[in-house]
Amino acid sequence: MIVAIGLTSGNSGASMQPINCVVVSYDSNTYIEENNFTESNLDGYNLKYVEAVNASNLLNLIQFFNATEEIYAMESARNYLTAKQIKIIISIPVDFSELISWGYPGLIDCITDSSDIQKIQENFNAVYDSIKIFVSQNNLTPQFEIIGFEEFSIPEDFSFSYNYMIVLVLSFMVIGVGMVSTILIIVQEKPVARLLLTPVKRLEILTAKYLTYMSILVIQNLSLIFTSLAFGLYLVGSLFDLFLALFILGFTGLALGIFISSLSKTKTQANQLFLATFLVLILLSGIFIPIDAMPIYLQVIAYILPLSHGSPLINSIITKGKSVFGFEFFTLLGVSLVLIVLSFIIFQRRKYEV
Amino acid sequence: MEITESPEDAMVSVENLNVAFGKKQIIHNVSFSVKKGEIIGMFGISGAGKTTIIRVLTCQIENKNWNGNVLVTGMNPNKKANYPKILSNIGYVPQLELLNLYFELNPMVNVEVFTSTYGMDKKEAKETAKKLFNILDIPKDTWKKRVKKMSGGEKKRLSMAIGLIHNPKVLFLDEPTTGVDASKRYDILSYLKKLNQQLNTTMFIITHDLEAALICDKTAILREGKLLEFDTPQNLINSLPSKGLVARISIENLDQKIIKTIQEYPSIQNVLRVGNETIEVLIDDFEDVLPKLMKFLFENEIKVISMSRDIANFRRYFQIRIQEEEEKETRQHQKELISEGGS
């Protein structure tokens, strides 16, 4: 219910985070007379467009490169994109000012990360906002097109949609199976209470559960990876990184499942709690609704939840070849550790009777 | 870890045990002592406090809820540091097998699970399991089958074997005959006796089943948290008038009025209705009073269908003792009401 209210009130409550971008201008701002071949300077519409970018609330200009003076401008811009410091490179063509002055549309290229379908629309909207500002300020209408950043693109002989979907499938499956397999392990296992009448410690019982299900998780992840590859996954990153990413996400699922199991008093309660939690995980994962579009309080919750980190982590390994060890990995590890500690505390304090 | 010598050679010793949860006192000043190898039956109707006492002895109730001097295999369960040692020395067989067995695993794997918690060697555990399975007649062909495929009786016996797998000094059994067919109840009791004789394990049986007294060396009768009696079943029966001799009389059209008439006859200690038309009468000076009682019945036109003499069993003793206690309580209650009315 809270989630639903939050999402419906999202537009009024939240402001979209501006998208980081760089502008690379090839515009020479010069015009050659056909009759006498003399060169004359034009109004620098590239700089006017940069002003529009600065005026847009949806874009955040990290750097402006004048490619007529800097040879490696585009290379530097691509480095920004590869390092995930920006999401769009806006490239202004060489004859932009000239074309637009004579009433032709100057075509602006927007190079964006095309591996993430969901983000493409967001990027498109942001660039369109800057174009609107430019139009209102200059009464000139340039055109723009979105171009996929080839480094993150899927080769033609691989399926783009499969690669896109597999990220979602792997994320949901790994965390879902992790949770489902563990939500009942404490609440349903009747001999647990009897085991407490042996010298074994509660800490040891819970540790044994973790170790057992971690072994199952390893087998599950290996089979998932090899099945995905067999069906034609285009993997840029290393297998080890992908395995670790799936493992940490699955481990968070285990921790969440065991937490639910230790919290629940009955099997029904555990099942209901799982369904509610999983629904919240999906809704706030940022897959269906952009996290930036959510109200602040929901954004805080979303950033704590594992799926909002797991999916980008897997995506960045599969399509961009990133290392697993990044913010997302350590956030998932942190969330898991918190859940483990909470489970131990609850299990330790819980009263069992035989 | 504190290890204290318990009085004499007691396996379990309880002195002035009081248990309270919040303001509600559950156990009142209970004291008893159990020697090695004895079978103790704890009897009482629901809410008598049997399970609460066992929970204190098996470290399931925190010491903030109880006080008294309790020693289990020489150690006091009021210190958490003593828990592992006490739990190593005791075994527990819960009422329901599903609390003690993993139904999806076979008996041998179940044994492995539990023996690993005691740090036992695998080989040793297997040998002990085989020995116990043989004593308890658990068929060899079921040893490698899933527990869920075993019969009810086999599961019950396997549960007992799991309770004894680490060779505990004291075994606690919660309602071992509950849920078992009437014909199998005696089998279970005889298996317990067999185990006790062969392993010399001290046993605590909590039960509603008064037939369990047959195998008990001592019986404890509890009511509303108070220990009414703790002695051998025979001593308890002997404490009855005429050493437990009872007259079983069948009377036509038996009703409360007739029962009251008999109760008021001199030397009659107790009249128990044991059937629709049958009563059992406990009499002081049985041989002398019984003929006089029969004459009295004849004179009062109370038609006796049949009469026989018998020795009371533990079931009768339990009924009489509980009835006495209830009557005492009713009288006390009436006295209190009268004194309240007077003031």
# chains A, B, ... in the order shown; residues from 1 in each chain; ligands from 1
>>> residues_around(residues="stretch 70-76 of chain B", least_positions_apart="5", cutoff="12 Å", atoms="only C-alpha atoms", output="ChimeraX atom specification")
/B:1-19,29-36,53-59,63,81-91,168-172,201-202
>>> interface_residues(of="chain A", to="chain B", cutoff="7 Å", atoms="only C-alpha atoms", output="count of residues only")
8
>>> closest_residue(among="A:Ile89, A:Ile225, A:Val169, A:Leu281", to="A:Phe124", atoms="only C-alpha atoms")
A:Ile89
>>> select_by_dssp(residues="stretch 139-298 of chain B", states="helix (DSSP H, G or I)", output="MDAnalysis selection string")
chainID B and resid 140:142 147:149 152:164 182:199 210:215 233:238 241:244 256:263 286:298
>>> write_last_selection(atoms="C-alpha atoms", output="JSON list (two decimals), in the first residue's frame")
[["chain", "number", "residue", "atom", "x", "y", "z"],
["B", 140, "LYS", "CA", 16.98, -53.89, 9.73],
["B", 141, "ASP", "CA", 15.30, -53.25, 6.38],
["B", 142, "THR", "CA", 14.05, -49.86, 7.62],
["B", 147, "VAL", "CA", 11.63, -42.27, 8.26],
["B", 148, "LYS", "CA", 8.31, -41.19, 6.72],
["B", 149, "LYS", "CA", 7.91, -44.74, 5.38],
["B", 152, "GLY", "CA", 4.04, -45.20, 13.89],
["B", 153, "GLY", "CA", 5.50, -47.66, 16.39],
["B", 154, "GLU", "CA", 8.82, -47.81, 14.55],
["B", 155, "LYS", "CA", 9.03, -44.03, 14.51],
["B", 156, "LYS", "CA", 8.32, -43.93, 18.24],
["B", 157, "ARG", "CA", 11.09, -46.47, 18.91],
["B", 158, "LEU", "CA", 13.49, -44.65, 16.60],
["B", 159, "SER", "CA", 12.75, -41.45, 18.48],
["B", 160, "MET", "CA", 13.63, -43.23, 21.72],
["B", 161, "ALA", "CA", 16.86, -44.48, 20.15],
["B", 162, "ILE", "CA", 17.76, -40.93, 19.08],
["B", 163, "GLY", "CA", 17.17, -39.77, 22.67],
["B", 164, "LEU", "CA", 19.61, -42.40, 23.90],
["B", 182, "ALA", "CA", -3.80, -49.33, 23.11],
["B", 183, "SER", "CA", -2.30, -52.68, 22.12],
["B", 184, "LYS", "CA", 1.12, -51.10, 21.52],
["B", 185, "ARG", "CA", 1.23, -49.02, 24.70],
["B", 186, "TYR", "CA", 2.47, -51.94, 26.78],
["B", 187, "ASP", "CA", 5.07, -52.69, 24.11],
["B", 188, "ILE", "CA", 6.46, -49.16, 24.42],
["B", 189, "LEU", "CA", 6.52, -49.42, 28.20],
["B", 190, "SER", "CA", 8.26, -52.78, 28.08],
["B", 191, "TYR", "CA", 10.86, -51.39, 25.66],
["B", 192, "LEU", "CA", 11.53, -48.56, 28.11],
["B", 193, "LYS", "CA", 11.97, -51.05, 30.94],
["B", 194, "LYS", "CA", 14.27, -53.12, 28.74],
["B", 195, "LEU", "CA", 16.39, -50.08, 27.91],
["B", 196, "ASN", "CA", 16.52, -49.09, 31.56],
["B", 197, "GLN", "CA", 17.65, -52.55, 32.58],
["B", 198, "GLN", "CA", 20.25, -52.95, 29.84],
["B", 199, "LEU", "CA", 21.67, -49.42, 29.86],
["B", 210, "LEU", "CA", -1.46, -44.05, 34.48],
["B", 211, "GLU", "CA", -0.54, -47.51, 33.15],
["B", 212, "ALA", "CA", 3.02, -46.21, 32.84],
["B", 213, "ALA", "CA", 3.30, -46.59, 36.60],
["B", 214, "LEU", "CA", 3.71, -50.30, 35.94],
["B", 215, "ILE", "CA", 7.35, -49.77, 34.98],
["B", 233, "PRO", "CA", 3.64, -47.06, 43.43],
["B", 234, "GLN", "CA", 3.35, -49.92, 45.93],
["B", 235, "ASN", "CA", 4.07, -47.70, 48.93],
["B", 236, "LEU", "CA", 1.44, -45.26, 47.72],
["B", 237, "ILE", "CA", -1.14, -48.03, 47.32],
["B", 238, "ASN", "CA", -0.21, -49.45, 50.73],
["B", 241, "PRO", "CA", -6.94, -47.79, 54.08],
["B", 242, "SER", "CA", -6.60, -51.55, 54.56],
["B", 243, "LYS", "CA", -3.46, -51.44, 52.41],
["B", 244, "GLY", "CA", -5.48, -50.75, 49.29],
["B", 256, "GLN", "CA", -25.65, -39.80, 44.09],
["B", 257, "LYS", "CA", -28.05, -40.29, 47.02],
["B", 258, "ILE", "CA", -26.96, -43.93, 47.43],
["B", 259, "ILE", "CA", -23.29, -42.96, 47.12],
["B", 260, "LYS", "CA", -23.74, -40.29, 49.81],
["B", 261, "THR", "CA", -25.48, -42.80, 52.08],
["B", 262, "ILE", "CA", -22.58, -45.22, 51.76],
["B", 263, "GLN", "CA", -20.01, -42.44, 52.23],
["B", 286, "PHE", "CA", -11.90, -54.01, 55.78],
["B", 287, "GLU", "CA", -12.65, -57.55, 56.98],
["B", 288, "ASP", "CA", -14.69, -56.38, 59.94],
["B", 289, "VAL", "CA", -16.61, -53.53, 58.37],
["B", 290, "LEU", "CA", -17.48, -55.00, 54.95],
["B", 291, "PRO", "CA", -20.14, -57.51, 56.25],
["B", 292, "LYS", "CA", -21.67, -54.76, 58.34],
["B", 293, "LEU", "CA", -21.80, -52.48, 55.32],
["B", 294, "MET", "CA", -23.54, -55.15, 53.24],
["B", 295, "LYS", "CA", -26.10, -55.61, 55.99],
["B", 296, "PHE", "CA", -26.64, -51.87, 56.15],
["B", 297, "LEU", "CA", -27.26, -51.76, 52.38],
["B", 298, "PHE", "CA", -29.77, -54.60, 52.65]]
>>> residues_around(residues="stretch 55-62 of chain A", least_positions_apart="4", cutoff="8 Å", atoms="only C-alpha atoms", output="number ranges by chain")
A: 16-23, 51, 86, 126-127, 129-130, 133
>>> select_by_dssp(residues="stretch 220-269 of chain B", states="strand (DSSP E)", output="number ranges by chain")
B: 220-223, 226-231, 245-251, 268-269
>>> closest_residue(among="B:Glu62, B:Ile45, B:Asp217, B:Gln319", to="B:Lys80", atoms="only C-alpha atoms")
B:Glu62
>>> atom_distance(atom1="atom CA of B:Ile251", atom2="atom CA of B:Gln323")
21.8 Å
